[in-house]
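Peer 1: Have a look at this one.
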Amino acid sequence: MKQTATVTAGSLSRRDTLISIFIVGLLFFVFGFVSWVNAILIPYFKIACELSNFQSYLVAFAFYISYLFMPVPASYLLKAVGFKKGMMTGFWMMSLGALIFVPAAYTRTYEIFLVGLFIIGLGLAVLQTAANPYITILGPKESAAARISIMGVCNKGAGILAPLIFAAVILRPTDGELFKQLAHMTGSAKEAELDALIQRVIVPYGVVSAVLFALGCMVRFSPLPEIDTEHEDATVASANATKTSIFQFPHLVLGAFAILLHVGTQVVAIDTIIGYAVSMKVPLLEAKTFPSYTLFVTICGYFLGISLIPRVISQVTALKICTVLGAMFTLAIVFVHGESNLLGHATDVSIWFVVMLGFANSLVWAGIWPLALDGLGRFTKIGGSLMIMGLCGNALLPVVYGLAADHFNEQLAYLVLFPCYLYLIFYAFYGHKLRSWRKQLRPEHSGSIKSI
């Protein structure tokens, strides 16, 4: 297969498909590593740049807000240059963002760090806009959820490794004492220590920048096929003949909103569990392990999806099960009480239902994508960009949870997830079938949807 070849997904051999899945899996590993390391950067920058809590959380805001701006331009980029060159551009943008960390560290200027993070986010948005639709159409649509689950394992596996690697490279055993001393230091001595602390990121992010640039070159000249999404088969072309906008695809628009709510519920389940454990008087050093439990059960869900879809259950059925479980676990967090002693943690049993949200969320992303992109044809790239814009939910729903926690308490605040899961249930059972804002289901597509 030539590097410049443009093929249809159905014409790929099994070998070419497996090679492509491996390469895209590497991309998802990078997505996970770059995204999850932000959780460590937040407290690190807070100390080294002497930030308030609000300022430190601008790390997440600067990173995720890029998903609101970049996906649509990215879709036009992909349409113009193709998937492979588009992915290369995304890697190179991320490389530039990582490189900006060098002058930011030399000057200890937090605003420059935020610019670097924003550019990394822009590049990642380009990659996500390309890779998610690509893996969805790379093979039979009945097994798309299984392929996306493999990507999820790569992503969450990187999420587990990223903090450990960052801590090993950046932090030192004596830093605990250093952080205590900084609170009492003043003047030039403190400035020198803070400069030395922040400059530890220079070499690691210089290496990251070089690796990202090299990965861009690798993807560009890899055997990854350039899949044609501009030419539609006769059935799809006929159905889309009168379509001029992605907003004429209800199942796509509703799916994009489902993605926004889903990623929000996912980040709440992971990012709030430490605070919830601490509210039960669990020590912070013990509570920090709970996000790993949530990620672990998420990966277990991915493996179930890989093994069961589509041989045992369809991806629609998996989506229905997971959305219903999400609603049930949310109610259990709030209304089920009792002491538990599991894995050495003496806590209220409700925290384990927060952990189990990781399992409920595991196959939702994988289930929504193939349903939302079904039958888009030449609108696939721009449709994928609309879906990626939903990732800004990572920045929105935690804020809603925080407001609810301030007004009520950490446990009752989880009720903000319940309407989110109700909508996801609606999409799983009904919303994905809509092919017209006026008609429930166009007959020519009913077989396609049922086969998924």
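We name chains A, B, ... following the order of the structure tokens; residues begin at 1 in each chain, and ligands are numbered from 1 as shown.
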List as CSV every residue of range 119-192 of chain A that is in contact with range 278-298 of chain A, defined as an atom at most 9 Å from one of its atoms (using only C-alpha atoms), together with the nearest atom pair and the distance in Å rounded to one decimal, sorted by chain and then rising number.
Peer 2:
```
residue,atom,partner,partner_atom,distance
A:Gly152,CA,A:Thr298,CA,8.7
A:Val153,CA,A:Thr298,CA,8.4
A:Lys156,CA,A:Leu295,CA,6.6
A:Gly157,CA,A:Leu295,CA,8.3
A:Gly159,CA,A:Leu295,CA,8.2
A:Ile160,CA,A:Ser292,CA,6.9
```
Peer 1: Within 12 Å of Pro133 in chain A, counting only C-alpha atoms, which residues qualify if same-chain residues fewer than 6 places away don't, as a ChimeraX atom specification?
Peer 2: /A:9,24,75,78,83,126-127,139,141,144-145,147-148,227-229,366,368-374,376-377,379-388
Peer 1: May I have the residues within 12 Å of Val324 in chain A as a PyMOL selection string, using only C-alpha atoms and disregarding those fewer than 6 positions away in the same chain?
Peer 2: chain A and resi 317-318+330-331+357+359-361+363-364+418-429
Peer 1: Choose the residue, out of A:Leu27, A:Ala277, A:Ala162, A:Leu182, that has the smallest atom-to-atom separation from Cys49 in chain A; count only C-alpha atoms.
Peer 2: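 For Cys49 in chain A, the nearest of the given residues is A:Leu182.
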Peer 1: Just list as a ChimeraX atom specification whatever in range 343-373 of chain A DSSP marks as strand (DSSP E).
Peer 2: /A:345-348
Peer 1: Only N, CA and C atoms, please: the residues just picked out, written as an mmCIF file, in the first residue's frame.
Peer 2:
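Everything below was put into out-v6.cif:
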```cif
data_model
loop_
_atom_site.group_PDB
_atom_site.id
_atom_site.type_symbol
_atom_site.label_atom_id
_atom_site.label_comp_id
_atom_site.auth_asym_id
_atom_site.auth_seq_id
_atom_site.Cartn_x
_atom_site.Cartn_y
_atom_site.Cartn_z
ATOM 1 N N HIS A 345 -9.592 0.586 53.122
ATOM 2 C CA HIS A 345 -10.145 1.932 53.313
ATOM 3 C C HIS A 345 -11.424 1.847 54.140
ATOM 4 N N ALA A 346 -11.430 2.471 55.292
ATOM 5 C CA ALA A 346 -12.638 2.556 56.111
ATOM 6 C C ALA A 346 -13.401 3.816 55.709
ATOM 7 N N THR A 347 -14.441 3.652 54.911
ATOM 8 C CA THR A 347 -15.190 4.783 54.372
ATOM 9 C C THR A 347 -16.672 4.442 54.325
ATOM 10 N N ASP A 348 -17.461 5.442 53.954
ATOM 11 C CA ASP A 348 -18.862 5.189 53.651
ATOM 12 C C ASP A 348 -18.933 4.452 52.318
#
```
Peer 1: Residues within 7 Å of Phe213 in chain A, please, as a ChimeraX atom specification. Count only C-alpha atoms; anything in the same chain fewer than 2 positions from it doesn't count.
Peer 2: /A:91-92,95,209-211,215-217
Peer 1: Any idea what's packed within 9 Å of Val400 in chain A, counting only C-alpha atoms, ignoring anything in its chain fewer than 4 positions away? Could you give it as a PDB file with C-alpha atoms, in the first residue's frame?
Peer 2:
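Written file, part.pdb:
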```
ATOM      1  CA  LEU A 396     -17.950  22.958  32.519  1.00  0.00           C
ATOM      2  CA  ALA A 404     -23.540  22.453  44.162  1.00  0.00           C
ATOM      3  CA  ALA A 405     -20.996  21.212  46.709  1.00  0.00           C
ATOM      4  CA  ALA A 413     -23.637  17.536  44.623  1.00  0.00           C
ATOM      5  CA  VAL A 416     -25.946  17.072  39.106  1.00  0.00           C
TER       6      VAL A 416
END
```
Peer 1: My list of candidates is A:Ala395, A:Leu412, A:Leu319, A:Met93. Which is closest to Val336 in chain A when distances are computed with only C-alpha atoms?
Peer 2: A:Leu412
Peer 1: Find the residue from A:Leu18, A:Val312, A:Met328, A:Ala269 that sits nearest to Val354 in chain A; use only C-alpha atoms when measuring.
Peer 2: A:Ala269
Peer 1: Just asking: which residues within range 223-415 of chain A are helix (DSSP H, G or I) according to DSSP, as number ranges by chain?
Peer 2: A: 234-239, 246-248, 250-271, 273-279, 284-287, 290-308, 315-335, 350-361, 364-373, 377-407, 412-415
Peer 1: Given the choices A:Leu308, A:Val253, A:Leu343, A:Ile21, which gets closest to Gly390 in chain A if the distance is worked out from only C-alpha atoms?
Peer 2: A:Val253
Peer 1: Which one of A:Leu254, A:Pro398, A:Arg200, A:Ala146 sits closest to Gly301 in chain A if you count only C-alpha atoms?
Peer 2: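 When distances to Gly301 in chain A are compared using only C-alpha atoms, the smallest one comes from A:Ala146.
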Peer 1: If we count only C-alpha atoms, what is near range 110-117 of chain A at a cut-off of 9 Å, once residues fewer than 6 positions away on the same chain are taken out, given as a PyMOL selection string?
Peer 2: chain A and resi 45+49+51+58-60+62-63+94+96-104
Peer 1: I need the chosen residues saved as an mmCIF file, in the first residue's frame, with C-alpha atoms.
Peer 2:
```
data_model
loop_
_atom_site.group_PDB
_atom_site.id
_atom_site.type_symbol
_atom_site.label_atom_id
_atom_site.label_comp_id
_atom_site.auth_asym_id
_atom_site.auth_seq_id
_atom_site.Cartn_x
_atom_site.Cartn_y
_atom_site.Cartn_z
ATOM 1 C CA PHE A 45 2.774 25.426 39.185
ATOM 2 C CA CYS A 49 4.783 30.319 40.487
ATOM 3 C CA LEU A 51 -0.414 31.077 42.567
ATOM 4 C CA LEU A 58 -6.309 28.015 34.791
ATOM 5 C CA VAL A 59 -4.053 25.117 33.710
ATOM 6 C CA ALA A 60 -7.141 23.028 33.001
ATOM 7 C CA ALA A 62 -6.310 27.010 29.160
ATOM 8 C CA PHE A 63 -5.929 23.411 28.026
ATOM 9 C CA MET A 94 1.784 20.261 20.393
ATOM 10 C CA LEU A 96 5.542 24.026 19.683
ATOM 11 C CA GLY A 97 3.413 24.313 22.817
ATOM 12 C CA ALA A 98 5.788 22.075 24.787
ATOM 13 C CA LEU A 99 8.768 24.084 23.535
ATOM 14 C CA ILE A 100 7.193 27.275 24.884
ATOM 15 C CA PHE A 101 7.626 25.788 28.359
ATOM 16 C CA VAL A 102 11.374 26.475 28.025
ATOM 17 C CA PRO A 103 11.238 30.310 27.947
ATOM 18 C CA ALA A 104 8.325 30.195 30.401
#
```
